[in-house]
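Just work-v6.txt here, compact mmCIF, C-alpha atoms:
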```
# COMPACT_ATOMS: atom_id res chain seq x y z
CA LEU A 1 -15.96 20.84 3.13
CA HIS A 2 -14.52 20.87 -0.36
CA PHE A 3 -10.94 21.89 -1.05
CA GLU A 4 -9.50 22.03 -4.56
CA MET A 5 -6.23 22.96 -6.16
CA ARG A 6 -5.15 22.89 -9.78
CA VAL A 7 -1.70 22.59 -11.29
CA THR A 8 -0.94 23.77 -14.81
CA ALA A 9 2.36 23.02 -16.53
CA ARG A 10 4.03 24.40 -19.63
CA ASP A 11 2.97 22.66 -22.85
CA GLY A 12 5.29 19.81 -23.77
CA SER A 13 7.19 19.86 -20.47
CA LYS A 14 8.11 16.76 -18.45
CA LEU A 15 5.85 18.01 -15.65
CA GLN A 16 2.89 18.23 -18.01
CA LYS A 17 3.47 14.62 -19.11
CA GLN A 18 3.52 13.54 -15.48
CA LEU A 19 0.40 15.54 -14.59
CA PHE A 20 -1.49 14.08 -17.53
CA SER A 21 -0.25 10.50 -17.02
CA GLY A 22 -3.71 9.50 -15.79
CA LYS A 23 -5.63 11.12 -18.65
CA GLY A 24 -8.62 9.00 -19.63
CA ARG A 25 -7.94 6.44 -16.87
CA THR A 26 -9.77 5.54 -13.68
CA PRO A 27 -8.87 2.88 -11.09
CA ARG A 28 -12.46 1.84 -10.32
CA GLU A 29 -11.99 -1.77 -11.43
CA PHE A 30 -8.90 -2.24 -9.27
CA ALA A 31 -10.51 -0.50 -6.29
CA ASN A 32 -13.24 -3.14 -6.39
CA LEU A 33 -10.59 -5.86 -5.94
CA LEU A 34 -10.06 -4.54 -2.40
CA PRO A 35 -12.01 -5.90 0.61
CA ALA A 36 -15.41 -4.30 1.19
CA ASN A 37 -14.56 -3.57 4.86
CA SER A 38 -11.41 -1.54 4.08
CA TYR A 39 -11.05 1.55 6.24
CA PHE A 40 -8.22 2.92 4.11
CA ALA A 41 -7.74 2.51 0.38
CA PHE A 42 -5.68 4.01 -2.39
CA ALA A 43 -6.09 3.33 -6.09
CA SER A 44 -4.44 4.83 -9.15
CA ALA A 45 -4.30 4.48 -12.92
CA SER A 46 -1.60 6.10 -15.03
CA ASP A 47 0.70 5.61 -17.99
CA PRO A 48 3.33 3.09 -16.81
CA MET A 49 5.93 4.28 -19.33
CA LEU A 50 6.14 7.66 -17.61
CA GLY A 51 7.01 5.92 -14.36
CA ALA A 52 9.90 4.12 -16.05
CA GLU A 53 11.17 7.40 -17.51
CA THR A 54 11.39 9.08 -14.10
CA LEU A 55 13.20 6.26 -12.28
CA ASP A 56 16.62 7.82 -12.90
CA ASP A 57 15.62 10.89 -10.89
CA SER A 58 13.67 9.13 -8.13
CA LEU A 59 16.36 6.48 -7.47
CA SER A 60 19.41 8.70 -7.63
CA THR A 61 19.88 8.46 -3.84
CA LEU A 62 19.70 4.66 -3.85
CA LYS A 63 23.24 4.29 -5.18
CA ASP A 64 24.76 6.09 -2.19
CA ALA A 65 22.37 4.56 0.34
CA LEU A 66 23.30 1.01 -0.70
CA LYS A 67 26.96 1.86 -1.43
CA LEU A 68 26.65 0.46 -4.94
CA ASP A 69 29.37 0.76 -7.54
CA GLN A 70 28.32 2.13 -10.93
CA ALA A 71 28.02 -1.27 -12.61
CA ALA A 72 25.82 -2.70 -9.83
CA TYR A 73 23.66 0.43 -9.80
CA ASP A 74 23.21 0.35 -13.57
CA ALA A 75 22.16 -3.31 -13.42
CA LEU A 76 19.67 -2.63 -10.61
CA LEU A 77 18.25 0.41 -12.41
CA ALA A 78 17.83 -1.60 -15.62
CA ASP A 79 15.88 -4.27 -13.72
CA LEU A 80 13.68 -1.65 -12.04
CA LYS A 81 12.93 0.01 -15.38
CA GLN A 82 11.99 -3.34 -16.86
CA VAL A 83 9.67 -4.03 -13.91
CA ALA A 84 8.03 -0.63 -14.48
CA LYS A 85 7.59 -1.35 -18.18
CA LEU A 86 5.87 -4.64 -17.34
CA GLN A 87 3.21 -2.78 -15.30
CA ASP A 88 -0.04 -1.69 -16.97
CA GLY A 89 -0.39 1.40 -14.75
CA ASN A 90 -3.24 0.16 -12.52
CA SER A 91 -2.72 -0.42 -8.81
CA ALA A 92 -4.60 -0.38 -5.53
CA MET A 93 -3.91 -1.05 -1.86
CA ALA A 94 -5.96 -1.22 1.33
CA LEU A 95 -5.91 -1.62 5.10
CA TYR A 96 -8.81 -3.43 6.78
CA PRO A 97 -9.77 -5.53 9.83
CA ASP A 98 -9.03 -9.19 9.15
CA GLY A 99 -10.81 -11.60 11.45
CA GLN A 100 -9.41 -11.15 14.98
CA ALA A 101 -6.71 -8.84 13.71
CA ALA A 102 -7.27 -5.09 13.53
CA LEU A 103 -4.78 -4.80 10.70
CA GLY A 104 -4.84 -6.64 7.42
CA ALA A 105 -3.26 -5.26 4.26
CA MET A 106 -3.08 -6.00 0.58
CA ALA A 107 -1.92 -4.43 -2.66
CA VAL A 108 -2.56 -5.40 -6.27
CA ALA A 109 -1.01 -4.19 -9.51
CA GLY A 110 -1.78 -4.85 -13.13
CA ALA A 111 0.90 -6.17 -15.47
CA THR A 112 1.44 -7.04 -19.09
CA ASP A 113 3.32 -10.14 -17.91
CA GLY A 114 2.84 -10.76 -14.21
CA GLU A 115 5.11 -13.80 -14.03
CA ALA A 116 8.03 -11.98 -15.65
CA ALA A 117 7.42 -8.95 -13.43
CA LEU A 118 7.46 -11.16 -10.32
CA LYS A 119 10.70 -12.84 -11.36
CA LEU A 120 12.36 -9.46 -11.87
CA THR A 121 10.91 -8.07 -8.64
CA LYS A 122 12.37 -10.98 -6.69
CA ARG A 123 15.75 -10.34 -8.29
CA VAL A 124 15.56 -6.64 -7.41
CA LEU A 125 14.62 -7.39 -3.80
CA GLY A 126 17.32 -10.02 -3.57
CA THR A 127 19.91 -7.52 -4.81
CA ILE A 128 18.81 -4.83 -2.35
CA PHE A 129 18.61 -7.08 0.72
CA ALA A 130 21.87 -8.85 -0.12
CA LYS A 131 23.64 -5.51 -0.41
CA LEU A 132 22.22 -4.36 2.93
CA ILE A 133 23.52 -7.54 4.57
CA GLU A 134 26.87 -7.16 2.82
CA ASN A 135 27.17 -3.62 4.17
CA GLU A 136 26.29 -4.85 7.66
CA MET A 137 28.97 -7.55 7.45
CA ALA A 138 31.52 -4.99 6.27
CA GLY A 139 30.60 -2.68 9.15
CA ASN A 140 31.01 -5.51 11.65
CA LYS A 141 34.40 -6.35 10.19
CA ASP A 142 35.56 -2.73 10.39
CA ALA A 143 34.41 -2.62 14.01
CA GLY A 144 36.30 -5.82 14.82
CA LYS A 145 33.08 -7.78 15.28
CA ASP A 146 32.44 -11.24 13.94
CA GLY A 147 29.33 -11.24 11.76
CA GLY A 148 29.38 -15.03 11.96
CA PRO A 149 28.15 -17.56 9.41
CA ASP A 150 24.49 -16.65 9.99
CA LEU A 151 24.66 -13.38 8.04
CA ALA A 152 26.53 -15.10 5.21
CA ALA A 153 23.84 -17.78 5.02
CA VAL A 154 21.09 -15.18 5.03
CA LYS A 155 22.84 -13.21 2.29
CA GLN A 156 23.08 -16.26 0.07
CA ALA A 157 19.40 -17.11 0.69
CA VAL A 158 18.10 -13.62 -0.08
CA THR A 159 20.35 -13.27 -3.13
CA GLU A 160 18.72 -16.39 -4.55
CA MET A 161 15.35 -15.42 -2.99
CA LYS A 162 15.10 -18.89 -1.43
CA LEU A 163 13.42 -18.65 1.96
CA GLN A 164 13.29 -22.31 2.92
CA PRO A 165 16.98 -22.46 3.96
CA MET A 166 16.42 -19.52 6.30
CA VAL A 167 13.29 -21.11 7.78
CA ASP A 168 15.17 -24.39 8.24
CA LYS A 169 17.97 -22.55 10.03
CA PHE A 170 16.05 -20.06 12.16
CA GLY A 171 12.58 -21.65 12.35
CA PRO A 172 13.29 -23.85 15.42
CA LEU A 173 14.60 -20.83 17.34
CA ALA A 174 11.53 -18.80 16.37
CA ALA A 175 9.25 -21.65 17.49
CA GLU A 176 10.95 -21.68 20.89
CA LYS A 177 10.16 -17.98 21.15
CA GLY A 178 6.49 -18.52 20.23
CA VAL A 179 6.35 -18.02 16.44
CA THR A 180 5.87 -21.04 14.18
CA ILE A 181 6.80 -20.32 10.55
CA THR A 182 5.85 -22.45 7.55
CA LEU A 183 6.20 -21.92 3.81
CA ASN A 184 3.69 -23.02 1.20
CA THR A 185 3.26 -22.75 -2.55
CA SER A 186 -0.16 -23.28 -4.11
CA LYS A 187 -1.89 -22.99 -7.47
CA ASP A 188 -5.50 -22.16 -8.23
CA GLY A 189 -6.35 -21.87 -11.90
CA ASP A 190 -3.97 -19.30 -13.39
CA ALA A 191 -2.84 -18.07 -9.96
CA THR A 192 0.39 -19.14 -8.28
CA CYS A 193 0.85 -18.10 -4.64
CA ASP A 194 3.82 -18.26 -2.26
CA THR A 195 2.79 -17.97 1.39
CA ILE A 196 4.62 -17.55 4.69
CA ASP A 197 2.33 -18.59 7.56
CA PHE A 198 2.89 -17.43 11.14
CA LYS A 199 1.24 -18.95 14.21
CA PHE A 200 1.70 -17.15 17.52
CA ASP A 201 1.94 -18.84 20.91
CA TYR A 202 1.48 -15.94 23.31
CA ALA A 203 2.47 -18.09 26.29
CA LYS A 204 5.96 -18.33 24.79
CA LEU A 205 6.13 -14.87 23.26
CA GLU A 206 6.44 -13.26 26.69
CA ALA A 207 4.78 -10.09 25.46
CA GLY A 208 3.84 -9.23 29.03
CA SER A 209 1.61 -6.18 29.35
CA ASP A 210 1.83 -5.66 25.58
CA GLU A 211 0.12 -8.98 24.81
CA PRO A 212 -3.42 -7.54 24.42
CA MET A 213 -2.09 -4.87 22.05
CA VAL A 214 -0.05 -7.34 19.95
CA LYS A 215 -2.94 -9.80 19.84
CA ALA A 216 -5.39 -7.07 18.83
CA VAL A 217 -3.20 -6.10 15.88
CA LEU A 218 -2.00 -9.54 14.71
CA GLY A 219 -4.50 -12.08 16.04
CA ASP A 220 -3.47 -15.70 16.80
CA LYS A 221 -2.12 -16.29 13.31
CA SER A 222 -1.05 -14.28 10.30
CA ALA A 223 0.51 -14.69 6.89
CA LEU A 224 2.29 -13.02 4.02
CA ALA A 225 1.15 -14.07 0.55
CA LEU A 226 2.47 -13.18 -2.88
CA CYS A 227 0.29 -14.20 -5.81
CA THR A 228 0.63 -13.73 -9.55
CA THR A 229 -1.11 -14.41 -12.84
CA LYS A 230 -0.21 -13.26 -16.34
CA THR A 231 -2.05 -9.96 -15.81
CA LYS A 232 -1.75 -9.15 -12.09
CA LEU A 233 0.45 -9.34 -9.01
CA SER A 234 -0.78 -9.05 -5.44
CA ILE A 235 0.65 -9.18 -1.95
CA GLY A 236 -1.37 -9.67 1.22
CA ALA A 237 -0.65 -9.58 4.94
CA GLY A 238 -2.88 -10.84 7.74
CA PRO A 239 -4.86 -13.97 8.62
CA SER A 240 -6.65 -13.93 5.23
CA ALA A 241 -3.63 -12.84 3.20
CA LEU A 242 -3.71 -15.81 0.82
CA GLU A 243 -7.44 -15.61 0.14
CA ASN A 244 -7.37 -11.85 -0.51
CA ALA A 245 -4.23 -11.84 -2.66
CA LYS A 246 -5.39 -14.82 -4.73
CA ARG A 247 -8.84 -13.36 -5.30
CA ALA A 248 -7.28 -10.10 -6.49
CA VAL A 249 -4.95 -11.64 -9.09
CA LEU A 250 -7.84 -13.74 -10.40
CA GLY A 251 -9.75 -10.49 -10.94
CA LYS A 252 -12.58 -11.41 -8.58
CA ALA A 253 -14.27 -8.40 -6.99
CA ALA A 254 -13.98 -8.16 -3.21
CA GLY A 255 -16.62 -5.46 -2.93
CA LEU A 256 -15.05 -2.15 -1.92
CA GLY A 257 -16.26 -0.41 -5.07
CA ASP A 258 -19.82 -1.42 -4.24
CA ALA A 259 -19.62 -0.77 -0.47
CA PRO A 260 -22.14 2.03 0.26
CA VAL A 261 -19.77 4.42 2.09
CA TYR A 262 -16.97 4.05 -0.45
CA LYS A 263 -19.36 4.26 -3.38
CA ALA A 264 -20.92 7.48 -2.10
CA ALA A 265 -17.55 9.08 -1.31
CA SER A 266 -15.80 8.13 -4.55
CA ALA A 267 -18.80 9.20 -6.64
CA LYS A 268 -17.86 12.82 -5.88
CA GLN A 269 -14.77 12.34 -8.05
CA PRO A 270 -15.94 9.95 -10.78
CA ASN A 271 -13.10 10.70 -13.20
CA ALA A 272 -10.21 10.67 -10.71
CA SER A 273 -7.10 8.90 -11.97
CA TRP A 274 -5.96 8.37 -8.39
CA GLN A 275 -8.03 8.38 -5.24
CA MET A 276 -7.49 8.01 -1.50
CA TYR A 277 -10.29 6.92 0.85
CA LEU A 278 -10.35 6.97 4.66
CA ASN A 279 -13.23 5.88 6.88
CA PRO A 280 -12.25 7.09 10.39
CA GLY A 281 -15.26 5.50 12.09
CA ALA A 282 -14.49 2.06 10.65
CA ALA A 283 -10.82 2.41 11.62
CA MET A 284 -11.73 3.39 15.18
CA THR A 285 -14.01 0.37 15.45
CA ALA A 286 -11.25 -1.94 14.18
CA PHE A 287 -8.77 -0.66 16.77
CA ALA A 288 -11.28 -0.34 19.64
CA ALA A 289 -9.68 -3.21 21.59
CA LEU A 290 -6.27 -1.61 21.18
CA MET A 291 -7.39 1.88 22.23
CA PRO A 292 -10.57 1.54 24.29
CA ASN A 293 -10.59 5.22 25.26
CA MET A 294 -10.60 6.42 21.67
CA PRO A 295 -13.72 8.45 20.78
CA LYS A 296 -16.16 6.45 18.68
CA ILE A 297 -17.94 7.80 15.63
CA SER A 298 -20.19 6.17 13.08
CA GLY A 299 -18.66 4.50 10.06
CA ASP A 300 -21.11 5.85 7.50
CA LYS A 301 -18.97 8.80 6.38
CA ALA A 302 -15.54 9.02 4.80
CA VAL A 303 -12.81 11.39 3.72
CA VAL A 304 -11.86 11.17 0.05
CA ALA A 305 -9.09 12.86 -1.92
CA GLY A 306 -8.23 12.48 -5.57
CA CYS A 307 -6.86 14.01 -8.72
CA GLN A 308 -8.42 14.13 -12.16
CA THR A 309 -7.19 15.47 -15.46
CA ARG A 310 -8.89 18.62 -16.68
CA LYS A 311 -8.54 20.30 -20.07
CA VAL A 312 -5.43 22.32 -19.25
CA SER A 313 -4.57 21.28 -15.68
CA LEU A 314 -4.59 18.56 -13.08
CA GLY A 315 -7.27 19.21 -10.46
CA CYS A 316 -6.98 17.68 -7.00
CA GLN A 317 -9.82 17.68 -4.48
CA LEU A 318 -10.27 16.86 -0.81
CA GLU A 319 -13.77 16.17 0.55
CA LEU A 320 -14.33 16.37 4.31
CA PRO A 321 -17.89 15.67 5.53
CA VAL A 322 -18.71 18.48 7.96
CA ASP A 323 -21.15 16.33 9.92
CA MET A 324 -18.33 13.81 10.47
CA LEU A 325 -16.09 16.58 11.82
CA VAL A 326 -18.88 17.69 14.13
CA GLU A 327 -19.35 14.10 15.29
CA VAL A 328 -15.63 13.80 16.06
CA LYS A 329 -15.73 17.09 17.98
CA ASN A 330 -18.75 16.02 20.01
CA ALA A 331 -17.29 12.59 20.73
CA ALA A 332 -13.99 14.08 21.88
CA GLY A 333 -15.79 16.57 24.13
CA PRO A 334 -13.50 18.89 26.10
CA MET A 335 -10.40 17.64 24.27
CA MET A 336 -11.51 19.66 21.26
CA ALA A 337 -11.16 23.41 20.97
CA PRO A 338 -14.23 25.67 21.33
CA ASP A 339 -16.30 26.50 18.28
CA ALA A 340 -14.36 28.60 15.83
CA PRO A 341 -15.83 31.96 14.83
CA GLY A 342 -18.32 31.53 12.06
CA GLU A 343 -19.01 27.84 12.81
CA ALA A 344 -22.59 26.81 12.32
CA PRO A 345 -24.53 26.77 15.64
CA ASN A 346 -25.77 23.56 17.28
CA GLY A 347 -23.38 21.43 15.24
CA ASP A 348 -25.36 21.96 12.04
CA ALA A 349 -23.33 21.52 8.89
CA PRO A 350 -22.98 24.70 6.82
CA ALA A 351 -24.07 24.57 3.22
CA ALA A 352 -21.43 23.20 0.86
CA PRO A 353 -19.76 25.87 -1.29
CA ASN A 354 -20.48 26.02 -4.98
CA ALA A 355 -18.12 24.03 -7.15
CA PRO A 356 -15.37 26.14 -8.71
CA VAL A 357 -16.15 27.54 -12.13
CA GLY A 358 -14.37 25.53 -14.83
CA GLY A 359 -13.37 28.52 -16.92
CA GLY A 360 -12.68 26.32 -19.93
CA ASP A 361 -10.86 23.75 -17.76
CA GLU A 362 -13.54 21.08 -17.58
CA VAL A 363 -12.90 17.56 -16.34
CA LEU A 364 -11.79 15.12 -18.99
CA GLY A 365 -13.85 11.96 -18.60
CA LYS A 366 -12.78 8.51 -19.53
```
Any chance you could give the structure as structure tokens?
Amino acid sequence: LHFEMRVTARDGSKLQKQLFSGKGRTPREFANLLPANSYFAFASASDPMLGAETLDDSLSTLKDALKLDQAAYDALLADLKQVAKLQDGNSAMALYPDGQAALGAMAVAGATDGEAALKLTKRVLGTIFAKLIENEMAGNKDAGKDGGPDLAAVKQAVTEMKLQPMVDKFGPLAAEKGVTITLNTSKDGDATCDTIDFKFDYAKLEAGSDEPMVKAVLGDKSALALCTTKTKLSIGAGPSALENAKRAVLGKAAGLGDAPVYKAASAKQPNASWQMYLNPGAAMTAFAALMPNMPKISGDKAVVAGCQTRKVSLGCQLELPVDMLVEVKNAAGPMMAPDAPGEAPNGDAPAAPNAPVGGGDEVLGK
């Protein structure tokens, strides 16, 4: 099934600039930095300057949410705009099975100066988290509760974005509860990576009946990794977080772009400036241990959605393989509704509709 919509904006308007921000761009290179076994992926390519211009509107609620005074908000907004200006407009993220764990994740973004962008990003995160802790301490004080020295120590650590003091303080308690936490910094060529490693002792975690579910999602160990080079930043989560994040910032392909199912699905929208990919069969297989009663379908078909710039509009498409929908229906059996009127008999896929007539609004290739 093919669904398409087009959006046309007035010439010279802010909306038109936003709609055409991906003109002449595709995220194929960044999509190929994602793991080949990803069951969900999103990749986009756009003009980074337009993102910086719209921050005032998109972050207007942040001031009230964080209870920031005008000076603090202006400083935070200036940092966020500078981070946006340091991006090159390319980004991608994915979810995938990672060893024993059903859920691994990573994201990668291009930058004109990755190291400067990382430094600013840490400052932004430190400001936000410190303010959240400050608000919590103020709320405790108003309620007559003692926030204690722990929150003050955490606030200082996050303000400076120094995690080791927090691990030194809370690590022994976490280990008693079954989670061993260690911090590492490593370099490989141009890449610098900061990693938080987690090792789980399920005998101490006392997960009870939830242990199989937690273990299926996290595995016996996991990690968070943040890597940077001059041209890229990447964050990873899962047992292979460091390997995946480091490979991405070094620009080494991880294979999603060449994976047969992704390649076939994304080829339907070759000039898309952003694209979303979902392989339900692969996701169901990854979470089979977590949900053994879930219907199983093959992983050779995928849903893909994307937007591409046309001559006078932005066209967005959604592709749903009919044979995949039939397979889901058959696997689910009586849980699914009866055949809808007009559905093809015997589960045969109806012929795909003709592509919409361009009418002078042809796709603008790269």
*For CA of Thr228 (chain A) and CA of Ala92 (chain A), determine how far apart the two atoms are, in Å to one decimal place.*
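CA of Thr228 (chain A) sits 14.9 Å away from CA of Ala92 (chain A).
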_Distance query Glu160 (chain A) at most 8 Å, all atoms listed in the file, self and fewer than 3 positions along chain excluded, as a list in words_ =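 My list of contacting residues is Arg123, Gly126, Gln156 and Ala157 of chain A.
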*Quick one: distance from CA of Pro260 (chain A) to CA of Leu95 (chain A) in Å, one decimal?*
17.3 Å
*Hey, which of A:Asp188, A:Ala143, A:Pro27, A:Gly104 ends up closest to Leu250 (chain A)? Count only C-alpha atoms.*
A:Asp188
*Skipping near chain neighbours, those fewer than 4 positions away, what residues fall within 12 Å of Gly189 (chain A) using all atoms listed in the file, listed as a count of residues only?*
10
